[in-house]
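Taking it in order: structure first as structure tokens, then the write-up.
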Amino acid sequence: MSISNAMQTGVSGLQANSAKVGRISDNIANANTDGYRRTFAQMVTSTSNSPSGVAPLGVRAVEGADITKDGSLRPTSSATDLAISGSGFFVVSKNPNDPVEANYFLTRAGAFSPDENGYLKNAAGLYLAGFPYDTTGSLGAVNRSGFGDLDSVNVGSFTLPGEATTTMSVAGNLPAQETGLATPGAPFISTSQFYTPLGGSDQLQLSWQPGATGNQWDLTISDVNGTTYGSVTVDFHDSGALAGAPLAYSNITNTAPAPASFAFDAATGVATLTIDNGTTPQVIDLTIGAPDSHDGITQFAGDYSAPEYEADGFETGTLLRAEIDEKGDVYGIFDNGSRKLLYNVPLAEVTNPNGLLAQDGNAYTLSRDSGTMQLNTASSGLTGKIVSQSLESSNVEVAQELTDLIQTQRAYSSNAKIITTVDEMLDETMRLKR
Amino acid sequence: MSISSAFAASQSGLRMTEKWAEVTSSNIANATREGYVRRGLSLSSAAGEASGGVAVTGITREVNSAVARMYRLEIGRMSRQQAVADGLETYAAQLGQPDDAQALTSRLTALQSSFDLLANNPADPSLQRATVEAAGALARTLNQASAALDEAGAEARRGIAQDVETLNNLLGKVASLNERIVQESGATAARAGLEDELGTTLDAVAELMDVQVSRDAQGRVTLHSSGGTPLIAAGTVLQVSYDAATGRLMAGTTEITPGVPGVRGFEEGRIAGALALQNEVLPQMQLQLDEFARALVEGFETQDASLAPGQAGLFTDSAAAYDPAQREGLAGRLSVNPAVLPESGGELWRIRDGLGAAAPGADSDSTQINAFLSALEAQHGFDTQAQLGDQGTLADFAANLISAQQFVRVDAQDQLDRLQAGAEAIAATRSGSEGVNVDDELQQLAAIEQAYAANSRVMQTLAEMIDALLAAV
């Protein structure tokens, strides 16, 4: 080890420490950047092995990033501000529905807001990608190891095309004391909504006429204008374990003018209505309640309260707003009050997140070090969950950076001291010869 | 937990405290407003398990639906009795009490005393005159009572028509609030405001008629009459219509008239009270007045020996003899036979000799007068439909009539007073559980102040820590 080597080592120390200060300044500058991951410089010895014995030692800085350490989440007021609690990254693209796979990045910065076309775009101008749901609410088979099946999430202009009702059910209670009277009172009428194939809303009227025979009712189903589809007589159990449940259906009468029709399956308690509202009539299965079951209409003594109807299908509607749950499901809330699944925002997971390559705008791209990517559903397995109305702060700890800064500053001064000392020593050596 | 997440946590604390102050101040500002339901904050620990801090997840309304339902039922009951009591007020004043000088009973007694005096001095024209006038006064009293009853009926019909229009407006309002509530996201302040408005509207509906209120999966209100007929269901509002002539109320095409057997209508509320007046109470009272008038006319016809068959007696149905087919409204048409009224070309002496007499009889003959007196004193048979007994004198019937009819109003007033006490108790419970207690809110203000100061103190300490570090660099 010679004196000039000592000079070299000092210089390497200066270089390494200035690189480290660079990282610290980066971190402090980005201390309030959402989704930012701190970077750091690690000191590594550098030496060249020489056969002569002790090699000159030096130091170099190796840069790394602390991508796996999560920042703290802070609540915001925007429903499209998203944060990830746990592991995983949002997949974003440079352009909406970008066909170029190289334009897809991973990010934790989730300050999304709709752009002029309704695409969700974060502060860095990157568009959120998700798997679209089809009209039946299923994702289908999607490629979870590439970006090919992703669409940009759009919450701007979405019109729900409407879907026809095919099944309906009713649950409620008929007052037993109204039957068996010498002069039975007026029927109990209730209306229920169903949706036509064009997404319009229409009504069915169910009229329950108490019978002069005890525990017997005549059910008449008609449309909103009073044209009847048909009627059926329902007897209810009056005793035993099944008291209150339908006993049997009889007297099935179809009075609907063709092509409309009314059919009733006495074994299952399902009325099949054919509604003449198009070239192909709409067919609706209305479950009244299977005999010997308490699941549908029952008959106990008590007050009549309006029965509850459930119908599938939905009305045509325009998107009002979107909500995102912790599984990354984007629900559209429509002006007709219906909720529908629009997208699933997956979270990208890689084997070694710290190996991701940093890109402009808080984003990362895959690299050889990061390993392979998998697009997982949030809140499943070890994947983190998506939190709406929150943002993830940067994971920089200012106090730590400042203490690092003090340390680095001292190290830098010490290295500088080595150089001046070596310089003085050289000077001393120079002066040996006059 | 690091300094920066400590910063974030105390920042979220400050934000929560600000929201809390906002809610509390709005509670205090609205403390006296009718229909305002106290707001609260629903809080959760901030998103993400590791981060700490607090998040406001929504603004809650401290609504108590069971008490609200009881309150609405009670208002409905009260309004019904109020409608009956108010509707009969003018008529009852007109009818008077049995011992009032203007009352039917006193007029009857006056007529009887006049006949008594006349019987002792049958030739005295001034006594004849007085007797005819007493008869006229009795007829007029009945006419006025009948007119007051008609007026009460007309008033009730006007009231119902107005209430039905109000009801339709309210139902429309509920439907539009339904649409707006569906569109609100979660528990926002705007939604709480809409819910308040909905609550007030439902209170107003409950005053008119009692309804079943339920909510569907999307938070929309469905309304059914208490008997189960849909008013707002499946996204449609059924218009309520009122036929004044028949006194029938329809929701869409379904009849909901209260009090009709077998109809799935409703029992309580102002509309039910007014309809009960129109359909039951007033017709019954009219029947009682008409029955009294009938007994009077028939009694004097029977006791008048001078009459040819079909000829009108002292009391007439608009100058004609009694026709059993024309009993309805007889009380309103009752008049004294013009044959005894000199101003109508009649002769006073007919009160002594009978209305059918062609020429004056002997001056001292009081036979016919005594016969008239017996008409007043004798027992008459009465229609049991009038529900005032089947047998009795005219005076008994008149006294029964007055007390029975006054009882209807007094009873409604009594029930109203009783219900009022109950309703006030429920209203107090409701305002206790839903309303704003200013003392509580002020206590909260003190807590808010403390929380805000504590959070700021944390921030200050954190800032000092960073400052210390910066000084060291």
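Order determines the names: the first chain of the structure tokens is A, the second B, and so forth; residues in each chain are numbered 1 upward, and ligands are numbered 1 upward as they are shown.
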
Could you pull the residues within 9 Å of Asn121 in chain B, counting only C-alpha atoms, minus those fewer than 3 positions along the same chain, as a ChimeraX atom specification?
-> /B:117-118,124,127,363-364,366

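Residue neighbourhood of range 187-204 of chain A, excluding near-sequence residues (fewer than 6 positions): Pro161, Gly162, Glu163, Ala164, Thr165, Pro210, Ile221, Ser222, Asp223, Val224, Asn277, Gln282, Ala306, Pro307, Tyr309, Ala311, Asp312, Gly313, Phe314, Glu315 and Thr316 of chain A; Gly228, Thr229, Pro230, Ala233, Ala234, Gly235 and Arg264 of chain B, at 8 Å, using only C-alpha atoms.
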
Please produce, as a tab-separated table, a per-residue contact table for chain A versus chain B (criterion: any atom at most 9 Å away, only C-alpha atoms considered), showing the nearest atom pair and its distance in Å to one decimal, sorted by chain then residue number.
residue	atom	partner	partner_atom	distance
A:Ala31	CA	B:Ser4	CA	8.9
A:Gly71	CA	B:Ser51	CA	8.0
A:Ser72	CA	B:Ser51	CA	4.7
A:Leu73	CA	B:Ser51	CA	5.8
A:Arg74	CA	B:Ala8	CA	6.5
A:Pro75	CA	B:Ala55	CA	6.3
A:Thr76	CA	B:Ala55	CA	8.8
A:Ala83	CA	B:Gly48	CA	8.7
A:Ile84	CA	B:Gly48	CA	8.1
A:Ser85	CA	B:Gly48	CA	5.3
A:Gly86	CA	B:Gly48	CA	8.2
A:Thr183	CA	B:Gly262	CA	8.1
A:Pro184	CA	B:Gly262	CA	6.7
A:Gly185	CA	B:Gly262	CA	3.4
A:Ala186	CA	B:Gly262	CA	5.0
A:Pro187	CA	B:Arg264	CA	7.7
A:Phe188	CA	B:Gly228	CA	6.5
A:Ile189	CA	B:Thr229	CA	5.9
A:Ser190	CA	B:Pro230	CA	6.1
A:Thr191	CA	B:Ala234	CA	6.2
A:Ser192	CA	B:Ala234	CA	5.2
A:Gln193	CA	B:Ala234	CA	4.9
A:Phe194	CA	B:Ala234	CA	8.6
A:Ser201	CA	B:Gly235	CA	8.8
A:Asp202	CA	B:Ala234	CA	8.8
A:Gln203	CA	B:Ala234	CA	7.2
A:Asp303	CA	B:Gly227	CA	8.3
A:Tyr304	CA	B:Gly228	CA	6.2
A:Ser305	CA	B:Gly228	CA	6.1
A:Ala306	CA	B:Gly228	CA	6.1
A:Glu308	CA	B:Asp216	CA	8.1
A:Leu320	CA	B:Gln183	CA	7.4
A:Arg321	CA	B:Ser185	CA	8.3
A:Glu323	CA	B:Ser185	CA	8.8
A:Ile333	CA	B:Gln183	CA	7.7
A:Phe334	CA	B:Gln183	CA	7.6
A:Asp335	CA	B:Gln183	CA	6.2
A:Asn336	CA	B:Glu179	CA	7.7
A:Gly337	CA	B:Val182	CA	5.3
A:Ser338	CA	B:Gln218	CA	7.8
A:Lys385	CA	B:Gly48	CA	8.7
A:Val387	CA	B:Ala47	CA	6.5
A:Ser388	CA	B:Ala47	CA	8.4
A:Gln389	CA	B:Ala47	CA	8.6
A:Ser390	CA	B:Ala47	CA	6.9
A:Ser393	CA	B:Ser5	CA	8.6
A:Asn395	CA	B:Ser4	CA	9.0
A:Val396	CA	B:Ser4	CA	8.2
A:Glu397	CA	B:Ser4	CA	6.3
A:Val398	CA	B:Ser4	CA	7.1
A:Ala399	CA	B:Ile466	CA	6.8
A:Leu402	CA	B:Leu469	CA	7.0
A:Thr403	CA	B:Leu469	CA	7.6
A:Leu405	CA	B:Val473	CA	7.3
A:Ile406	CA	B:Val473	CA	5.4
A:Gln409	CA	B:Val473	CA	8.5

Please return as a ChimeraX atom specification: the residues of range 160-305 of chain A that backbone DSSP assigns to strand (DSSP E or B).
-> /A:160,163,167-175,188-195,201-210,216-223,228-236,246-254,261-265,270-275,282-287,297-300,305

For the residues in the current selection, export C-alpha atoms as a JSON list (two decimals), in the first residue's frame.
[["chain", "number", "residue", "atom", "x", "y", "z"],
["A", 160, "LEU", "CA", -76.05, 0.16, -19.26],
["A", 163, "GLU", "CA", -81.37, -6.78, -19.59],
["A", 167, "THR", "CA", -86.80, -15.06, -13.09],
["A", 168, "MET", "CA", -88.70, -13.41, -10.28],
["A", 169, "SER", "CA", -89.59, -14.54, -6.81],
["A", 170, "VAL", "CA", -91.92, -13.30, -4.14],
["A", 171, "ALA", "CA", -91.79, -13.68, -0.38],
["A", 172, "GLY", "CA", -94.37, -12.49, 2.09],
["A", 173, "ASN", "CA", -97.26, -13.40, 4.30],
["A", 174, "LEU", "CA", -101.01, -13.49, 3.65],
["A", 175, "PRO", "CA", -103.28, -12.89, 6.64],
["A", 188, "PHE", "CA", -104.77, -7.90, -1.61],
["A", 189, "ILE", "CA", -102.99, -6.31, -4.52],
["A", 190, "SER", "CA", -99.27, -5.89, -4.90],
["A", 191, "THR", "CA", -97.17, -4.74, -7.82],
["A", 192, "SER", "CA", -93.73, -5.84, -8.79],
["A", 193, "GLN", "CA", -91.30, -4.48, -11.29],
["A", 194, "PHE", "CA", -89.66, -6.39, -14.11],
["A", 195, "TYR", "CA", -87.50, -5.38, -17.05],
["A", 201, "SER", "CA", -89.46, -1.16, -16.77],
["A", 202, "ASP", "CA", -92.89, -2.78, -16.59],
["A", 203, "GLN", "CA", -95.10, -4.06, -13.81],
["A", 204, "LEU", "CA", -96.98, -7.18, -12.89],
["A", 205, "GLN", "CA", -99.92, -7.09, -10.56],
["A", 206, "LEU", "CA", -100.56, -9.98, -8.19],
["A", 207, "SER", "CA", -103.96, -10.03, -6.63],
["A", 208, "TRP", "CA", -104.66, -12.39, -3.74],
["A", 209, "GLN", "CA", -108.37, -12.95, -3.21],
["A", 210, "PRO", "CA", -109.17, -14.54, 0.16],
["A", 216, "GLN", "CA", -107.66, -20.83, 0.48],
["A", 217, "TRP", "CA", -106.64, -17.99, -1.79],
["A", 218, "ASP", "CA", -107.11, -17.21, -5.47],
["A", 219, "LEU", "CA", -104.04, -15.69, -7.03],
["A", 220, "THR", "CA", -104.63, -13.68, -10.20],
["A", 221, "ILE", "CA", -101.71, -12.28, -12.13],
["A", 222, "SER", "CA", -102.36, -9.37, -14.45],
["A", 223, "ASP", "CA", -100.43, -6.68, -16.27],
["A", 228, "THR", "CA", -105.16, -10.93, -16.61],
["A", 229, "TYR", "CA", -102.63, -13.60, -17.49],
["A", 230, "GLY", "CA", -104.26, -16.30, -15.43],
["A", 231, "SER", "CA", -105.16, -17.48, -12.00],
["A", 232, "VAL", "CA", -104.48, -20.33, -9.63],
["A", 233, "THR", "CA", -106.04, -21.43, -6.34],
["A", 234, "VAL", "CA", -103.63, -21.90, -3.45],
["A", 235, "ASP", "CA", -104.44, -23.93, -0.36],
["A", 236, "PHE", "CA", -102.28, -23.54, 2.70],
["A", 246, "PRO", "CA", -98.59, -23.79, 0.61],
["A", 247, "LEU", "CA", -100.37, -27.17, 0.56],
["A", 248, "ALA", "CA", -101.37, -27.48, -3.07],
["A", 249, "TYR", "CA", -102.06, -25.46, -6.17],
["A", 250, "SER", "CA", -105.17, -26.15, -8.19],
["A", 251, "ASN", "CA", -107.57, -24.60, -10.70],
["A", 252, "ILE", "CA", -104.83, -23.35, -12.98],
["A", 253, "THR", "CA", -106.49, -21.11, -15.54],
["A", 254, "ASN", "CA", -104.81, -19.40, -18.48],
["A", 261, "SER", "CA", -99.88, -17.16, -21.80],
["A", 262, "PHE", "CA", -99.85, -18.33, -18.25],
["A", 263, "ALA", "CA", -98.67, -21.72, -17.05],
["A", 264, "PHE", "CA", -98.22, -22.99, -13.54],
["A", 265, "ASP", "CA", -96.18, -25.87, -12.23],
["A", 270, "VAL", "CA", -93.50, -21.60, -10.32],
["A", 271, "ALA", "CA", -95.71, -19.56, -12.62],
["A", 272, "THR", "CA", -94.41, -19.18, -16.16],
["A", 273, "LEU", "CA", -95.64, -15.99, -17.77],
["A", 274, "THR", "CA", -95.29, -15.31, -21.45],
["A", 275, "ILE", "CA", -95.51, -11.59, -21.99],
["A", 282, "GLN", "CA", -90.62, -12.47, -22.98],
["A", 283, "VAL", "CA", -90.85, -15.46, -20.66],
["A", 284, "ILE", "CA", -90.62, -14.94, -16.91],
["A", 285, "ASP", "CA", -90.56, -17.63, -14.25],
["A", 286, "LEU", "CA", -92.21, -16.28, -11.13],
["A", 287, "THR", "CA", -91.63, -18.42, -8.04],
["A", 297, "ILE", "CA", -95.59, -16.95, 0.16],
["A", 298, "THR", "CA", -96.82, -18.12, 3.54],
["A", 299, "GLN", "CA", -100.14, -17.76, 5.29],
["A", 300, "PHE", "CA", -100.18, -17.08, 9.00],
["A", 305, "SER", "CA", -97.64, -6.43, 4.84]]

Would you mind listing what lies within 9 Å of Gly361 in chain A as a ChimeraX atom specification, with only C-alpha atoms counted and same-chain residues fewer than 5 positions away left out?
-> /A:107,109,123-126

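Neighbours of Ala139 in chain B closer than or equal to 9 Å, with only C-alpha atoms counted and sequence neighbours fewer than 6 positions away skipped, come out as Arg107, Ala293, Phe315, Ala331, Gly332, Arg333, Leu334, Ser335 and Val336 of chain B.
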